[in-house]
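> There's a structure below that I have some questions on.
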Amino acid sequence: MSSPESAAPNLPSDLALEAERALAHVDEVLDAGRAADVPDEAAQQLLLAAVRLFAAKRDLGTQLEAFPSGSVTATAVAVTAVAMTKAVNLELFELALWNGWSNI
């Protein structure tokens with residue numbers, strides 16, 4: 001009989017695999033020109049999960065970059081960043097101020 005420890009899922013490894021699969025799946029959808037077919041809620045959930053995890057990693061002191069170099073356009077980042085700041089009622093000058101404080 002296996003011990004409870006050996007039967008327990010490896011959540012970080014499982015999440016890493018799921019993230020890899022999700023990215024590949026999104027790339028397939030985009031390459032097929034089918035972004036409009038993805039429910040809005042699915043896009044929101046993926047972004048929400050990524051933002052929460054990224055912020056938690058940064059809070060722990062991890063200094064990872066937001067994206068691998070060359071993997072996303074400036075337009076995509078700008079569109080998403082503006083939508084994110086609107087969602088939490090954050091003005092861009094407040095974001096710039098917060099960023100300056102975090103570097104002190």
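Every chain in the structure tokens has a letter given in the order shown (A, B, ...), and although residue numbers restart at 1 in each chain, ligands are simply numbered from 1 in the order shown.
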I'd like the contact shell of segment 19-23 of chain A - 12 Å cut-off, only C-alpha atoms, skipping same-chain residues fewer than 4 positions apart - returned as a ChimeraX atom specification.
/A:11-15,27-30,42-43,45-47,49-50,53,71
> Take atom CA of Met84 of chain A and atom CA of Gln63 of chain A and report the distance between them in Å, one decimal.
21.0 Å
> Taking the DSSP assignment computed from this structure's backbone, write out as a list of chain:residue names all residues of segment 57-87 of chain A that belong to alpha helix (DSSP H).
A:Lys57, A:Arg58, A:Asp59, A:Ala74, A:Thr75, A:Ala76, A:Val77, A:Ala78, A:Val79, A:Thr80, A:Ala81, A:Val82, A:Ala83, A:Met84, A:Thr85, A:Lys86, A:Ala87
> So what do you get for atom CA of Leu64 of chain A versus atom CA of Asn10 of chain A, distance-wise?
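Atom CA of Leu64 of chain A sits 22.2 Å away from atom CA of Asn10 of chain A.
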> Find the spatial neighbours of Thr85 of chain A, counting only C-alpha atoms, within a cut-off of 9 Å - ignore same-chain residues fewer than 6 positions away - and output them as a ChimeraX atom specification.
/A:91-92,95
> Would you export the selected residues with N, CA and C atoms as an mmCIF file, in the first residue's frame, please?

data_model
loop_
_atom_site.group_PDB
_atom_site.id
_atom_site.type_symbol
_atom_site.label_atom_id
_atom_site.label_comp_id
_atom_site.auth_asym_id
_atom_site.auth_seq_id
_atom_site.Cartn_x
_atom_site.Cartn_y
_atom_site.Cartn_z
ATOM 1 N N GLU A 91 -4.905 54.479 -11.648
ATOM 2 C CA GLU A 91 -4.446 55.404 -12.681
ATOM 3 C C GLU A 91 -2.975 55.128 -13.008
ATOM 4 N N LEU A 92 -2.581 55.429 -14.229
ATOM 5 C CA LEU A 92 -1.205 55.149 -14.639
ATOM 6 C C LEU A 92 -0.187 55.931 -13.816
ATOM 7 N N LEU A 95 0.408 54.024 -10.718
ATOM 8 C CA LEU A 95 1.253 52.865 -11.001
ATOM 9 C C LEU A 95 2.723 53.282 -11.077
#
